[in-house]
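Trainee: Structure file input-v5.txt (compact mmCIF, C-alpha atoms) right here:
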# COMPACT_ATOMS: atom_id res chain seq x y z
CA MET T 16 -5.92 -61.70 -12.17
CA ASN T 17 -5.09 -59.77 -15.32
CA VAL T 18 -8.45 -58.04 -15.16
CA PHE T 19 -7.74 -57.09 -11.54
CA LYS T 20 -4.33 -55.60 -12.51
CA ILE T 21 -5.89 -53.67 -15.36
CA PHE T 22 -8.51 -52.30 -12.97
CA ILE T 23 -5.78 -51.15 -10.55
CA TRP T 24 -3.77 -49.48 -13.32
CA VAL T 25 -6.80 -47.70 -14.73
CA GLY T 26 -7.71 -46.47 -11.25
CA LEU T 27 -4.15 -45.25 -10.64
CA LEU T 28 -3.98 -43.38 -13.94
CA PHE T 29 -7.36 -41.80 -13.30
CA SER T 30 -6.20 -40.63 -9.85
CA ILE T 31 -3.04 -39.10 -11.31
CA HIS T 32 -5.13 -37.31 -13.92
CA LEU T 33 -7.36 -35.87 -11.22
CA LEU T 34 -4.35 -34.66 -9.21
CA HIS T 35 -2.89 -32.87 -12.24
CA ALA T 36 -6.23 -31.35 -13.09
CA ALA T 37 -6.73 -30.14 -9.52
CA ASN T 38 -3.26 -28.71 -9.08
CA PRO T 39 -3.72 -25.41 -11.02
CA ALA T 40 -6.90 -24.64 -9.14
CA GLN T 41 -5.17 -25.40 -5.86
CA VAL T 42 -2.27 -23.08 -6.69
CA THR T 43 -4.70 -20.33 -7.62
CA ARG T 44 -6.88 -20.85 -4.59
CA THR T 45 -4.04 -20.75 -2.07
CA TRP T 46 -2.07 -17.69 -3.29
CA PRO T 47 -0.24 -16.40 -1.40
CA GLN T 48 1.15 -19.50 0.27
CA ARG T 49 3.90 -17.59 2.09
CA PRO T 50 5.11 -14.00 2.68
CA VAL T 51 5.25 -11.80 -0.40
CA THR T 52 8.40 -9.84 -1.20
CA LEU T 53 7.95 -6.44 -2.80
CA ILE T 54 11.12 -5.32 -4.54
CA VAL T 55 11.70 -1.56 -4.59
CA PRO T 56 14.49 -1.00 -7.14
CA PHE T 57 15.74 2.15 -5.39
CA GLY T 58 17.05 3.15 -1.99
CA VAL T 59 15.08 4.07 1.10
CA GLY T 60 13.32 7.44 1.09
CA GLY T 61 12.53 7.94 -2.59
CA ALA T 62 9.05 8.16 -4.11
CA THR T 63 8.79 4.45 -4.90
CA ASP T 64 9.96 3.52 -1.41
CA GLN T 65 7.48 5.91 0.20
CA PHE T 66 4.68 4.42 -1.86
CA ALA T 67 5.71 0.87 -0.93
CA ARG T 68 5.89 1.60 2.80
CA LEU T 69 2.44 3.17 2.81
CA LEU T 70 1.05 0.30 0.76
CA ALA T 71 2.64 -2.72 2.47
CA PRO T 72 0.68 -2.84 5.77
CA GLN T 73 -2.68 -2.53 4.05
CA LEU T 74 -1.72 -5.07 1.36
CA SER T 75 -0.59 -7.49 4.06
CA SER T 76 -3.99 -7.17 5.73
CA VAL T 77 -5.76 -7.87 2.43
CA ILE T 78 -3.76 -10.99 1.48
CA GLY T 79 -3.27 -12.40 4.99
CA GLN T 80 0.51 -12.69 4.65
CA PRO T 81 3.46 -10.45 5.58
CA VAL T 82 4.67 -8.11 2.82
CA ILE T 83 8.45 -7.68 2.94
CA ILE T 84 9.97 -4.61 1.27
CA ASP T 85 13.30 -5.34 -0.38
CA ASN T 86 15.22 -2.22 -1.44
CA VAL T 87 17.56 -3.24 -4.28
CA ALA T 88 19.24 -0.03 -5.44
CA GLY T 89 21.70 0.41 -8.27
CA ALA T 90 22.03 1.00 -12.03
CA GLY T 91 18.95 3.22 -12.08
CA GLY T 92 16.74 0.37 -10.90
CA ALA T 93 18.12 -2.28 -13.26
CA ILE T 94 19.65 -4.38 -10.46
CA GLY T 95 16.23 -4.71 -8.86
CA ILE T 96 14.73 -5.79 -12.20
CA ARG T 97 17.40 -8.44 -12.68
CA LYS T 98 16.76 -9.77 -9.18
CA LEU T 99 13.06 -10.08 -9.98
CA LEU T 100 13.74 -11.90 -13.24
CA ASP T 101 15.88 -14.46 -11.40
CA MET T 102 12.82 -15.48 -9.36
CA ARG T 103 10.18 -18.08 -10.16
CA PRO T 104 7.06 -16.48 -11.66
CA ASP T 105 4.75 -17.72 -8.90
CA GLY T 106 3.55 -14.37 -7.56
CA HIS T 107 5.51 -14.38 -4.30
CA VAL T 108 8.13 -11.87 -5.49
CA LEU T 109 6.74 -8.68 -7.02
CA LEU T 110 8.36 -5.42 -8.08
CA LEU T 111 7.13 -1.84 -7.97
CA GLY T 112 8.48 -0.46 -11.20
CA GLY T 113 8.30 2.66 -13.34
CA ILE T 114 9.27 3.93 -16.74
CA SER T 115 13.04 4.23 -16.20
CA GLU T 116 13.94 0.73 -15.09
CA THR T 117 11.28 -1.17 -17.04
CA ILE T 118 11.49 0.67 -20.37
CA LEU T 119 14.11 3.40 -20.83
CA ILE T 120 17.19 1.67 -19.43
CA PRO T 121 16.79 -1.58 -21.42
CA LEU T 122 15.92 0.42 -24.57
CA ASN T 123 19.19 2.33 -24.27
CA ASN T 124 21.47 -0.35 -22.89
CA HIS T 125 21.20 -3.69 -24.66
CA SER T 126 23.85 -5.20 -22.38
CA ILE T 127 21.82 -4.54 -19.22
CA GLY T 128 20.62 -8.14 -19.15
CA TYR T 129 16.91 -7.84 -19.91
CA LYS T 130 14.35 -6.39 -22.33
CA PRO T 131 11.13 -4.53 -21.51
CA LEU T 132 8.99 -7.47 -22.56
CA ASP T 133 10.79 -9.84 -20.18
CA LEU T 134 8.50 -8.18 -17.64
CA GLN T 135 4.78 -8.67 -17.19
CA ALA T 136 2.66 -5.81 -15.84
CA VAL T 137 0.04 -7.10 -13.40
CA SER T 138 -1.35 -3.75 -12.22
CA ILE T 139 -0.75 -0.06 -12.99
CA THR T 140 -1.07 1.48 -9.56
CA GLY T 141 -0.40 5.20 -9.61
CA SER T 142 1.08 8.21 -11.36
CA THR T 143 2.62 11.51 -10.37
CA PRO T 144 3.82 14.65 -12.15
CA LEU T 145 7.46 15.24 -12.94
CA VAL T 146 9.10 18.45 -11.79
CA ILE T 147 12.32 20.25 -12.61
CA VAL T 148 13.95 21.46 -9.42
CA LYS T 149 17.04 23.53 -8.64
CA ARG T 150 19.10 24.30 -5.56
CA HIS T 151 17.68 27.34 -3.81
CA ASN T 152 20.66 29.62 -4.57
CA PHE T 153 21.11 28.60 -8.22
CA PRO T 154 21.22 31.87 -10.23
CA ALA T 155 18.76 30.75 -12.93
CA LYS T 156 15.19 31.83 -12.22
CA ASN T 157 13.75 29.74 -15.07
CA LEU T 158 14.83 27.27 -17.76
CA SER T 159 15.64 30.06 -20.23
CA ASP T 160 18.11 31.46 -17.70
CA MET T 161 19.63 27.99 -17.32
CA VAL T 162 20.08 27.70 -21.08
CA ASN T 163 21.77 31.10 -21.23
CA LEU T 164 24.13 30.26 -18.37
CA ALA T 165 25.00 26.89 -19.93
CA HIS T 166 25.80 28.55 -23.25
CA LEU T 167 28.29 30.82 -21.49
CA SER T 168 29.88 28.00 -19.43
CA PRO T 169 29.59 24.54 -21.04
CA MET T 170 29.81 21.61 -18.58
CA LYS T 171 29.89 23.95 -15.57
CA TYR T 172 26.35 23.31 -14.42
CA THR T 173 25.18 19.95 -13.17
CA TYR T 174 21.98 17.96 -13.11
CA GLY T 175 21.25 14.78 -11.19
CA SER T 176 19.28 11.68 -12.14
CA SER T 177 18.42 8.27 -10.74
CA GLY T 178 21.05 6.75 -13.01
CA PRO T 179 22.17 6.43 -16.63
CA GLY T 180 19.21 5.71 -18.89
CA SER T 181 16.62 6.95 -16.38
CA TYR T 182 13.91 9.39 -17.42
CA GLY T 183 15.72 12.23 -15.62
CA HIS T 184 18.91 11.54 -17.56
CA LEU T 185 17.37 11.03 -20.99
CA MET T 186 14.90 13.91 -20.89
CA PHE T 187 17.55 16.36 -19.68
CA GLU T 188 19.91 15.19 -22.44
CA LYS T 189 17.19 15.70 -25.06
CA PHE T 190 16.61 19.18 -23.64
CA ALA T 191 20.34 19.96 -23.78
CA GLN T 192 20.63 18.69 -27.36
CA LYS T 193 17.64 20.77 -28.46
CA HIS T 194 19.14 23.97 -27.06
CA GLY T 195 22.76 23.23 -27.98
CA ILE T 196 24.08 23.26 -24.42
CA GLN T 197 26.26 20.93 -22.38
CA LEU T 198 25.37 20.02 -18.81
CA LEU T 199 27.29 17.70 -16.50
CA HIS T 200 25.29 14.57 -15.60
CA VAL T 201 25.60 13.30 -12.01
CA PRO T 202 24.00 9.84 -11.63
CA TYR T 203 22.63 8.49 -8.35
CA LYS T 204 21.21 5.18 -7.16
CA GLY T 205 17.88 6.85 -6.46
CA SER T 206 16.17 10.18 -5.90
CA SER T 207 16.64 10.30 -2.11
CA GLN T 208 20.40 10.92 -2.09
CA MET T 209 20.10 13.12 -5.17
CA MET T 210 17.66 15.44 -3.43
CA THR T 211 19.79 15.50 -0.28
CA ASP T 212 22.81 16.56 -2.34
CA MET T 213 20.82 19.24 -4.14
CA ALA T 214 19.55 20.62 -0.84
CA SER T 215 23.16 20.95 0.31
CA GLY T 216 24.19 22.66 -2.93
CA GLN T 217 26.24 19.83 -4.49
CA ILE T 218 24.23 19.69 -7.73
CA ASP T 219 22.35 22.42 -9.55
CA ALA T 220 19.18 20.84 -10.93
CA ALA T 221 17.27 17.63 -11.54
CA LEU T 222 14.16 16.18 -13.10
CA THR T 223 12.36 14.05 -10.54
CA SER T 224 8.93 13.05 -9.27
CA LEU T 225 6.84 15.47 -7.25
CA PRO T 226 6.76 13.14 -4.17
CA SER T 227 10.57 12.98 -4.12
CA ALA T 228 10.90 16.76 -4.26
CA LEU T 229 7.95 17.84 -2.12
CA PRO T 230 9.59 17.76 1.36
CA TYR T 231 12.53 19.81 0.08
CA ILE T 232 10.25 22.27 -1.72
CA LYS T 233 8.18 22.83 1.43
CA SER T 234 11.30 23.37 3.50
CA GLY T 235 12.68 25.91 1.00
CA LEU T 236 15.82 23.89 0.29
CA VAL T 237 15.02 23.52 -3.42
CA GLU T 238 12.90 25.51 -5.85
CA LEU T 239 10.67 24.53 -8.78
CA LEU T 240 11.39 25.41 -12.40
CA GLY T 241 8.67 23.44 -14.20
CA VAL T 242 6.01 20.75 -13.96
CA SER T 243 4.89 18.11 -16.45
CA THR T 244 1.12 18.52 -15.98
CA PRO T 245 -1.09 19.78 -18.85
CA GLN T 246 -2.17 22.81 -16.76
CA ARG T 247 -0.40 24.76 -14.06
CA LEU T 248 -0.73 23.45 -10.52
CA THR T 249 -3.23 25.12 -8.18
CA ASP T 250 -0.66 25.31 -5.37
CA TRP T 251 1.94 26.93 -7.66
CA PRO T 252 0.04 28.95 -10.27
CA GLN T 253 3.18 30.84 -11.34
CA LEU T 254 5.06 27.62 -12.09
CA PRO T 255 5.30 27.02 -15.86
CA THR T 256 4.47 23.66 -17.37
CA PHE T 257 7.05 21.75 -19.43
CA PHE T 258 5.22 22.92 -22.55
CA ASP T 259 5.37 26.57 -21.40
CA SER T 260 9.10 26.17 -20.77
CA ASP T 261 9.79 24.35 -24.05
CA PHE T 262 11.13 21.39 -22.08
CA ALA T 263 8.69 18.88 -23.60
CA GLN T 264 6.03 19.05 -26.29
CA GLU T 265 3.40 16.99 -24.49
CA PRO T 266 2.30 16.30 -20.89
CA VAL T 267 4.14 13.39 -19.27
CA SER T 268 3.72 11.67 -15.95
CA LEU T 269 5.70 9.18 -13.96
CA TRP T 270 3.60 6.04 -13.54
CA GLY T 271 4.21 3.02 -11.37
CA GLY T 272 3.03 -0.55 -11.53
CA VAL T 273 3.36 -4.06 -10.18
CA PHE T 274 5.61 -6.29 -12.28
CA VAL T 275 6.44 -9.99 -12.34
CA PRO T 276 8.58 -12.16 -14.62
CA ARG T 277 6.79 -13.34 -17.75
CA GLY T 278 5.05 -16.66 -17.31
CA LEU T 279 2.90 -15.99 -14.25
CA ARG T 280 -0.36 -17.92 -14.37
CA LYS T 281 -3.36 -15.79 -15.38
CA GLU T 282 -5.32 -16.85 -12.31
CA VAL T 283 -2.55 -15.74 -9.95
CA ALA T 284 -2.08 -12.49 -11.87
CA GLN T 285 -5.77 -11.78 -11.39
CA LYS T 286 -5.53 -12.46 -7.65
CA ILE T 287 -2.56 -10.09 -7.32
CA ASN T 288 -4.37 -7.44 -9.34
CA ALA T 289 -7.50 -7.77 -7.18
CA ALA T 290 -5.42 -7.56 -3.98
CA PHE T 291 -3.76 -4.31 -5.05
CA ASP T 292 -7.08 -2.89 -6.24
CA LYS T 293 -8.69 -3.62 -2.87
CA THR T 294 -5.68 -2.20 -1.03
CA LEU T 295 -5.75 1.04 -3.00
CA MET T 296 -9.43 1.52 -2.28
CA ASP T 297 -8.61 2.24 1.37
CA ALA T 298 -9.59 5.87 2.06
CA ASN T 299 -6.74 6.60 4.50
CA LEU T 300 -4.14 5.18 2.14
CA ARG T 301 -5.48 7.21 -0.78
CA ALA T 302 -5.43 10.37 1.35
CA ASN T 303 -1.81 9.77 2.35
CA LEU T 304 -0.83 9.14 -1.27
CA THR T 305 -2.60 12.32 -2.39
CA GLN T 306 -0.59 14.33 0.13
CA LEU T 307 2.55 12.95 -1.51
CA GLY T 308 1.34 13.98 -4.96
CA ILE T 309 0.55 10.41 -6.07
CA LEU T 310 -2.65 9.83 -8.02
CA VAL T 311 -4.14 6.34 -7.70
CA GLU T 312 -4.84 5.05 -11.19
CA LYS T 313 -8.17 3.56 -12.22
CA ASN T 314 -8.16 -0.21 -11.91
CA ARG T 315 -6.94 -2.05 -14.97
CA SER T 316 -7.07 -5.82 -15.33
CA PRO T 317 -3.76 -7.68 -15.81
CA SER T 318 -4.30 -7.79 -19.58
CA GLU T 319 -5.22 -4.08 -19.65
CA SER T 320 -2.15 -3.28 -17.55
CA GLN T 321 0.07 -5.17 -19.98
CA THR T 322 -1.52 -3.35 -22.92
CA TYR T 323 -0.86 -0.01 -21.20
CA TYR T 324 2.74 -1.03 -20.53
CA GLU T 325 3.36 -2.05 -24.14
CA ARG T 326 1.84 1.25 -25.33
CA GLN T 327 4.28 3.09 -23.06
CA ILE T 328 7.18 1.16 -24.58
CA ARG T 329 6.15 2.42 -28.02
CA GLN T 330 5.51 5.98 -26.76
CA TYR T 331 8.99 6.39 -25.29
CA GLN T 332 10.84 4.73 -28.14
CA TYR T 333 11.93 8.22 -29.22
CA LEU T 334 14.19 8.41 -26.17
CA ALA T 335 16.05 5.25 -27.20
CA ASN T 336 19.70 5.70 -28.14
CA THR T 337 19.97 9.04 -26.35
CA PRO T 338 23.62 9.64 -25.36
Would you encode the structure as structure tokens?
Mentor:
Amino acid sequence: MNVFKIFIWVGLLFSIHLLHAANPAQVTRTWPQRPVTLIVPFGVGGATDQFARLLAPQLSSVIGQPVIIDNVAGAGGAIGIRKLLDMRPDGHVLLLGGISETILIPLNNHSIGYKPLDLQAVSITGSTPLVIVKRHNFPAKNLSDMVNLAHLSPMKYTYGSSGPGSYGHLMFEKFAQKHGIQLLHVPYKGSSQMMTDMASGQIDAALTSLPSALPYIKSGLVELLGVSTPQRLTDWPQLPTFFDSDFAQEPVSLWGGVFVPRGLRKEVAQKINAAFDKTLMDANLRANLTQLGILVEKNRSPSESQTYYERQIRQYQYLANTP
């Protein structure tokens, strides 16, 4: 009888062991188990939102589950980040993030509720140039004119950004400090409303992504003052680069990536990475993104994406503690 009980217990323990051993493989094999939410930490209509809405249908087809876009605007993207970090790291809630909300805001605001390395980069998806734009009837024809006007009338001229601590805010403040001028900062919840207000003449200038500005540039409602690319753009050969304009000393671009809370299983991270890679290989999607001024990045593995992200944190450390 005792031998029989021992046999039963050994068999039960062995079965439990097999279940635990099989569980990780099962989780990996069945991702996604339900619809995937894609957090866009800005309002509808901005560059990140446009990217997400082009991407979502194709991504849904690749993974066999609905992809739900969740616009969570506010605090320059920080509210969206905090919502992501409240979720379980199981791969069913993802975030399309960029430099402002993942790096610059937490570097400059230690009370924001998270640090850059609370996030895990699963895929670096795309990049786009930055542009300095102005309302069409703003008297400055170039950045030198803007500096001269600002010297004559401190705090008269305004610039918009996607929020305190965003790249648009910090880079404009560095520019103002360098030239000894004072500009009035007008923060927004995202680039869409900012560009609408500029088109109607409510703010004077802004630093934003090319996709956010492009419709307004084409319609003549705003004008370009500079671009962040190493060389001048073919479509606007007279447009100076940031280096030409003494706005920045090196080429910069606005990149975007897929982020999750730290702790996501490596196998699931790889599946997410592969799904986005396959999605971005679609020729029609790439063509649509190119028309928006978005360059699809070369595929990086999850570990390579994280390495890239951590290198960006170090690169933009110089913007930390900017007023």
Trainee: Could you tell me which of T:Thr140, T:Asn123, T:Gln330, T:Thr249 comes closest to Met296 in chain T if we count only C-alpha atoms?
Mentor: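 Closest candidate: T:Thr140.
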Trainee: Kindly give the distance, in Å, that separates CA of Thr52 in chain T and CA of Lys281 in chain T, rounded to a single decimal.
Mentor: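 Result for CA of Thr52 in chain T versus CA of Lys281 in chain T: 19.4 Å, one decimal.
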Trainee: Quick one: everything within 8 Å of Leu254 in chain T, counting all atoms listed in the file, minus sequence neighbours fewer than 6 positions away in the same chain. Send it as a list in words.
Mentor: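 Result of the neighbour search: Leu239, Leu240, Gly241, Val242, Arg247 and Leu248 of chain T.
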Trainee: With only C-alpha atoms as the basis for distance, which of T:Thr256, T:Ser318, T:Thr63, T:Asp261 is at the shortest distance from Lys193 in chain T?
Mentor: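 Ranking T:Thr256, T:Ser318, T:Thr63, T:Asp261 by distance to Lys193 in chain T, first place goes to T:Asp261.
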Trainee: Hey, what's within 12 Å of Asp259 in chain T if we count all atoms listed in the file and toss same-chain stuff fewer than 3 positions away? As a list in words, please?
Mentor: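 Near Asp259 in chain T, the qualifying residues are Asn157, Leu158, Ser159, Leu240, Gly241, Val242, Ser243, Thr244, Pro245, Gln246, Arg247, Gln253, Leu254, Pro255, Thr256, Phe262, Ala263, Gln264, Glu265 and Pro266 of chain T.
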Trainee: Report, in Å with one decimal, the straight-line distance from CA of Val108 in chain T to CA of Leu53 in chain T.
Mentor: 6.1 Å
Trainee: From the options T:Arg97, T:Arg150, T:Arg280, T:Lys293, which residue's atoms come nearest to Asp133 in chain T, counting all atoms listed in the file?
Mentor: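 Looking only at the distances to Asp133 in chain T, the closest residue turns out to be T:Arg97.
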Trainee: What does the structure give for the distance between CA of Phe153 in chain T and CA of Met186 in chain T, in Å to one decimal?
Mentor: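 Going from CA of Phe153 in chain T over to CA of Met186 in chain T, I get 20.4 Å.
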Trainee: Do a neighbour search on Val275 in chain T at 6 Å with all atoms listed in the file, toss out local chain neighbours closer than 2 positions, and write the hits as a VMD selection string.
Mentor: chain T and resid 109 134 to 135
Trainee: Kindly indicate which residue among T:Val137, T:Pro104, T:Ser234, T:Gly128 lies nearest to Asp292 in chain T, using all atoms listed in the file for the distances.
Mentor: T:Val137
Trainee: Quick one: residues within 7 Å of range 94-96 of chain T, only C-alpha atoms counted, chain neighbours fewer than 6 positions away excluded, as a list in words?
Mentor: Ile54, Val55, Pro56, Val87 and Ala88 of chain T
Trainee: Could you check the closest approach to Met209 in chain T for each of T:Leu269, T:Ala221, T:Ala290, T:Leu119 and tell me which residue wins, using all atoms listed in the file?
Mentor: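 Ranked by minimum distance to Met209 in chain T, first place goes to T:Ala221.
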Trainee: Is there a way to get, as number ranges by chain, all residues within 7 Å of the point (3.9, -6.6, -22.8) in file coordinates, counting all atoms listed in the file?
Mentor: T: 132, 135, 321-322, 324-325
Trainee: From the options T:Ala93, T:Thr45, T:Gly271, T:Pro50, which residue's atoms come nearest to Gly112 in chain T, counting all atoms listed in the file?
Mentor: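 Once distances to Gly112 in chain T are computed over all atoms listed in the file, the minimum belongs to T:Gly271.
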Trainee: Given the point (19.9, 11.8, -24.4) in the file's coordinates, find the residues that have an atom at most 8 Å from it, counting all atoms listed in the file, and give them as a PyMOL selection string.
Mentor: chain T and resi 184-189+192+334+336-338
Trainee: Would you mind listing what lies within 6 Å of His151 in chain T as a JSON list (two decimals) with C-alpha atoms, in the frame of the given file, with all atoms listed in the file counted and same-chain residues fewer than 3 positions away left out?
Mentor:
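The resulting file, around-v5.json, is reproduced below:
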[["chain", "number", "residue", "atom", "x", "y", "z"],
["T", 236, "LEU", "CA", 15.82, 23.89, 0.29],
["T", 237, "VAL", "CA", 15.02, 23.52, -3.42],
["T", 238, "GLU", "CA", 12.90, 25.51, -5.85]]
